[in-house]
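Visitor: Here you go, final.txt (compact mmCIF, C-alpha atoms):
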```txt
# COMPACT_ATOMS: atom_id res chain seq x y z
CA MET A 195 -9.04 -14.75 8.46
CA ALA A 196 -6.86 -13.80 5.51
CA ASN A 197 -3.43 -12.22 5.78
CA ILE A 198 -3.26 -9.05 3.72
CA ALA A 199 -0.81 -6.30 2.90
CA VAL A 200 -1.95 -2.96 1.48
CA SER A 201 -0.15 0.00 -0.03
CA LEU A 202 -1.56 3.38 1.01
CA GLY A 203 -0.49 6.67 -0.51
CA SER A 204 -1.60 10.27 -0.95
CA ASN A 205 -0.26 13.53 -2.33
CA ILE A 206 -3.18 15.80 -1.38
CA ASN A 207 -3.39 16.69 2.31
CA ALA A 208 -1.46 13.43 2.73
CA GLU A 209 -1.08 13.39 6.50
CA PHE A 210 -4.84 13.77 6.98
CA HIS A 211 -5.66 11.11 4.38
CA LEU A 212 -3.23 8.52 5.73
CA LYS A 213 -4.43 8.99 9.30
CA THR A 214 -8.09 8.92 8.30
CA ALA A 215 -7.75 5.82 6.15
CA ILE A 216 -6.05 3.90 8.97
CA PHE A 217 -8.68 5.15 11.44
CA LEU A 218 -11.49 3.90 9.14
CA LEU A 219 -9.84 0.55 8.36
CA ARG A 220 -8.53 -0.30 11.84
CA PRO A 221 -11.80 -1.99 12.97
CA PHE A 222 -11.59 -4.42 10.03
CA ILE A 223 -7.92 -5.41 10.39
CA LYS A 224 -6.65 -7.48 13.27
CA GLN A 225 -2.97 -7.58 14.23
CA LEU A 226 -2.47 -4.33 12.30
CA VAL A 227 1.15 -3.50 11.53
CA ILE A 228 2.07 -0.20 9.86
CA SER A 229 5.36 0.56 8.14
CA PRO A 230 7.27 3.78 8.62
CA VAL A 231 6.01 6.63 6.43
CA TYR A 232 8.00 7.41 3.31
CA GLU A 233 7.99 10.42 1.06
CA THR A 234 8.52 9.63 -2.58
CA GLU A 235 8.62 11.42 -5.87
CA PRO A 236 5.75 10.43 -8.17
CA VAL A 237 6.48 7.49 -10.46
CA SER A 238 5.44 8.17 -14.07
CA ILE A 239 2.52 10.51 -13.24
CA GLY A 240 3.98 13.89 -12.30
CA GLY A 241 2.57 16.05 -9.54
CA ASP A 242 3.58 16.59 -5.93
CA ASN A 243 5.49 14.10 -3.79
CA PHE A 244 3.57 11.32 -2.06
CA LEU A 245 3.47 10.01 1.47
CA ASN A 246 3.33 6.21 1.38
CA ILE A 247 3.00 3.36 3.83
CA VAL A 248 2.27 -0.33 3.71
CA PHE A 249 0.11 -1.90 6.36
CA ALA A 250 -0.60 -5.56 7.02
CA GLY A 251 -2.77 -7.71 9.20
CA GLU A 252 -5.63 -10.16 9.18
CA ILE A 253 -9.05 -9.48 7.72
CA ASP A 254 -12.24 -11.48 8.16
CA LEU A 255 -13.63 -10.63 4.70
CA ASN A 256 -13.45 -12.58 1.48
CA LEU A 257 -11.43 -11.12 -1.40
CA SER A 258 -14.38 -9.41 -3.11
CA ASP A 259 -15.59 -7.78 0.09
CA THR A 260 -12.05 -6.66 0.94
CA ILE A 261 -11.75 -4.94 -2.44
CA ARG A 262 -15.19 -3.33 -1.99
CA LEU A 263 -14.15 -2.02 1.43
CA PHE A 264 -11.00 -0.37 0.05
CA LYS A 265 -12.86 1.13 -2.92
CA ALA A 266 -15.55 2.51 -0.59
CA VAL A 267 -12.91 4.24 1.56
CA GLU A 268 -11.24 5.68 -1.56
CA GLN A 269 -14.57 6.94 -2.93
CA GLN A 270 -15.39 8.55 0.40
CA PHE A 271 -12.42 10.83 -0.31
CA GLN A 272 -13.32 11.47 -3.96
CA ARG A 273 -10.75 9.06 -5.41
CA ASN A 274 -11.62 8.65 -9.07
CA ARG A 275 -9.59 5.88 -10.72
CA GLN A 276 -11.17 6.70 -14.11
CA LYS A 277 -9.95 10.30 -14.41
CA SER A 278 -7.09 10.93 -16.79
CA ASN A 279 -5.11 13.27 -14.49
CA LYS A 280 -3.56 11.02 -11.86
CA ALA A 281 -1.11 13.64 -10.60
CA LYS A 282 -3.35 14.52 -7.62
CA ILE A 283 -4.48 11.58 -5.50
CA THR A 284 -6.35 11.97 -2.23
CA LEU A 285 -6.18 8.32 -1.27
CA ASP A 286 -4.76 5.29 -3.03
CA LEU A 287 -5.37 1.89 -1.44
CA ASP A 288 -3.88 -1.05 -3.32
CA LEU A 289 -4.25 -4.61 -2.10
CA LEU A 290 -0.78 -6.14 -2.48
CA ILE A 291 -1.33 -9.64 -1.16
CA TYR A 292 -4.27 -11.67 0.09
CA ASP A 293 -2.86 -14.78 1.74
CA ASP A 294 -0.72 -16.42 -0.95
CA LEU A 295 -3.37 -16.05 -3.63
CA VAL A 296 -2.12 -15.65 -7.21
CA CYS A 297 -4.78 -14.34 -9.62
CA ARG A 298 -5.59 -11.73 -12.27
CA GLN A 299 -9.28 -11.21 -11.39
CA PRO A 300 -10.95 -9.48 -9.62
CA VAL A 301 -7.54 -7.83 -9.02
CA GLU A 302 -3.98 -8.82 -9.80
CA LEU A 303 -2.42 -10.62 -6.83
CA PRO A 304 0.29 -10.39 -5.84
CA ARG A 305 0.31 -6.84 -7.19
CA ALA A 306 3.04 -6.21 -9.79
CA GLU A 307 4.07 -2.94 -8.11
CA ILE A 308 5.67 -4.96 -5.31
CA LEU A 309 8.58 -5.81 -7.60
CA LYS A 310 8.66 -2.49 -9.49
CA ASN A 311 8.24 0.36 -7.00
CA ALA A 312 10.47 1.27 -4.09
CA PHE A 313 7.55 2.96 -2.30
CA VAL A 314 5.84 -0.44 -2.12
CA LEU A 315 8.70 -2.90 -1.68
CA LYS A 316 10.75 -1.02 0.95
CA PRO A 317 7.93 -0.58 3.50
CA LEU A 318 6.61 -4.09 2.73
CA SER A 319 10.08 -5.52 3.37
CA GLU A 320 10.15 -3.80 6.75
CA ILE A 321 6.88 -5.18 8.08
CA LEU A 322 6.86 -8.60 6.36
CA ALA A 323 10.61 -9.14 5.97
CA ASP A 324 10.52 -12.95 6.22
CA LYS A 325 7.32 -13.54 4.24
CA SER A 326 7.92 -14.91 0.75
CA HIS A 327 6.48 -13.40 -2.41
CA PRO A 328 4.11 -16.11 -3.70
CA VAL A 329 5.51 -15.96 -7.26
CA ALA A 330 9.13 -14.82 -6.89
CA GLY A 331 9.67 -17.27 -4.03
CA GLN A 332 12.01 -14.92 -2.17
CA SER A 333 11.35 -13.02 1.04
CA TYR A 334 10.42 -9.36 0.79
CA ALA A 335 13.67 -8.51 2.61
CA GLN A 336 15.67 -10.41 -0.04
CA LEU A 337 13.74 -8.72 -2.84
CA TRP A 338 14.45 -5.28 -1.34
CA GLN A 339 18.17 -6.09 -1.01
CA LYS A 340 18.23 -6.94 -4.74
CA PHE A 341 16.05 -4.00 -5.81
CA ASN A 342 17.92 -2.08 -8.45
CA ASN A 343 16.03 1.04 -9.46
CA HIS A 344 17.99 3.93 -8.03
CA SER A 345 16.00 6.47 -10.05
CA GLN A 346 13.15 6.08 -7.55
CA LYS A 347 13.81 8.45 -4.66
CA ILE A 348 12.42 7.39 -1.29
CA TRP A 349 13.10 8.71 2.18
CA GLN A 350 11.59 8.08 5.59
CA VAL A 351 9.80 11.01 7.23
CA ASN A 352 8.82 11.75 10.82
CA PHE A 353 5.12 11.11 11.21
CA GLU A 354 2.94 11.41 14.28
CA TRP A 355 0.02 8.99 14.20
CA ASN A 356 -1.34 10.33 17.52
CA ASN A 357 -4.44 8.34 18.47
CA THR A 358 -5.19 6.89 15.06
```
Show how you would write the structure in this file as structure tokens.
Guide:
Amino acid sequence: MANIAVSLGSNINAEFHLKTAIFLLRPFIKQLVISPVYETEPVSIGGDNFLNIVFAGEIDLNLSDTIRLFKAVEQQFQRNRQKSNKAKITLDLDLLIYDDLVCRQPVELPRAEILKNAFVLKPLSEILADKSHPVAGQSYAQLWQKFNNHSQKIWQVNFEWNNT
């Protein structure tokens, strides 16, 4: 079993897409922990605001199969990472960490957005506060305390998961 953390966001029918993605992924992830839901303004792409979460847990798949699983869920909801207009995103699943693996292929781990984007670091710091970033060597809570990009607006929203 590998410990993972994943960023999940949407700005098209976002409540539906977040709930559905968690529903589809729940059978694969043990000890699932989900952050509060945050609304954020888009970072460098324009478009409508996003709803974002980070979830973590254990997965019994190797790295390649984990990536394939997330891509399959995205494609099920017509996520096209190749299209030039990224202002409308149905479902964005980004693997942030896979154990303490540091690599560039088949994906960059730990994902650079952890240290750059409030919509990733804040929820990650809430569910894995004491876990250390495998490169920075500081806990996610410490990294969030030092985060210094006030241009990124982020606010927690009420969200009913119901029976997801």
Visitor: Can I get the residues of stretch 196-267 of chain A within 12 Å of stretch 338-352 of chain A, each with the closest pair of atoms and their distance in Å to one decimal, using all atoms listed in the file, sorted chain first then ascending number, as JSON lines?
Guide:
```
{"residue": "A:Glu209", "atom": "CA", "partner": "A:Asn352", "partner_atom": "CA", "distance": 10.9}
{"residue": "A:Ser229", "atom": "CA", "partner": "A:Gln350", "partner_atom": "CA", "distance": 10.1}
{"residue": "A:Pro230", "atom": "CA", "partner": "A:Gln350", "partner_atom": "CA", "distance": 6.8}
{"residue": "A:Val231", "atom": "CA", "partner": "A:Gln350", "partner_atom": "CA", "distance": 5.8}
{"residue": "A:Tyr232", "atom": "CA", "partner": "A:Gln350", "partner_atom": "CA", "distance": 4.3}
{"residue": "A:Glu233", "atom": "CA", "partner": "A:Trp349", "partner_atom": "CA", "distance": 5.5}
{"residue": "A:Thr234", "atom": "CA", "partner": "A:Ile348", "partner_atom": "CA", "distance": 4.7}
{"residue": "A:Glu235", "atom": "CA", "partner": "A:Lys347", "partner_atom": "CA", "distance": 6.1}
{"residue": "A:Pro236", "atom": "CA", "partner": "A:Gln346", "partner_atom": "CA", "distance": 8.6}
{"residue": "A:Val237", "atom": "CA", "partner": "A:Gln346", "partner_atom": "CA", "distance": 7.4}
{"residue": "A:Ser238", "atom": "CA", "partner": "A:Gln346", "partner_atom": "CA", "distance": 10.3}
{"residue": "A:Asn243", "atom": "CA", "partner": "A:Ile348", "partner_atom": "CA", "distance": 10.0}
{"residue": "A:Phe244", "atom": "CA", "partner": "A:Ile348", "partner_atom": "CA", "distance": 9.7}
{"residue": "A:Leu245", "atom": "CA", "partner": "A:Val351", "partner_atom": "CA", "distance": 8.6}
{"residue": "A:Asn246", "atom": "CA", "partner": "A:Gln350", "partner_atom": "CA", "distance": 9.5}
{"residue": "A:Ile247", "atom": "CA", "partner": "A:Gln350", "partner_atom": "CA", "distance": 10.0}
```
Visitor: If we count only C-alpha atoms and set the cut-off at 8 Å, which residues sit around stretch 254-257 of chain A, ignoring sequence neighbours fewer than 5 positions away in its own chain? Please answer as a list in words.
Guide: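 Answer for this query is Met195, Ala196, Phe222, Ile223 and Tyr292 of chain A.
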Visitor: Interatomic distance between atom CA of A:Phe353 and atom CA of A:Leu226?
Guide: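 Distance reported for this atom pair: 17.2 Å.
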Visitor: Identify the residues within 10 Å of coordinate (-3.6, 0.7, 3.3) (same frame as the file), considering all atoms listed in the file, and give the answer as an NGL selection string.
Guide: :A and (198-203 or 212 or 215-216 or 219-220 or 228 or 246-250 or 264 or 285-290)
Visitor: Enter the distance from atom CA of A:Val267 to atom CA of A:Thr284, in Å, rounded to one decimal.
Guide: 10.8 Å
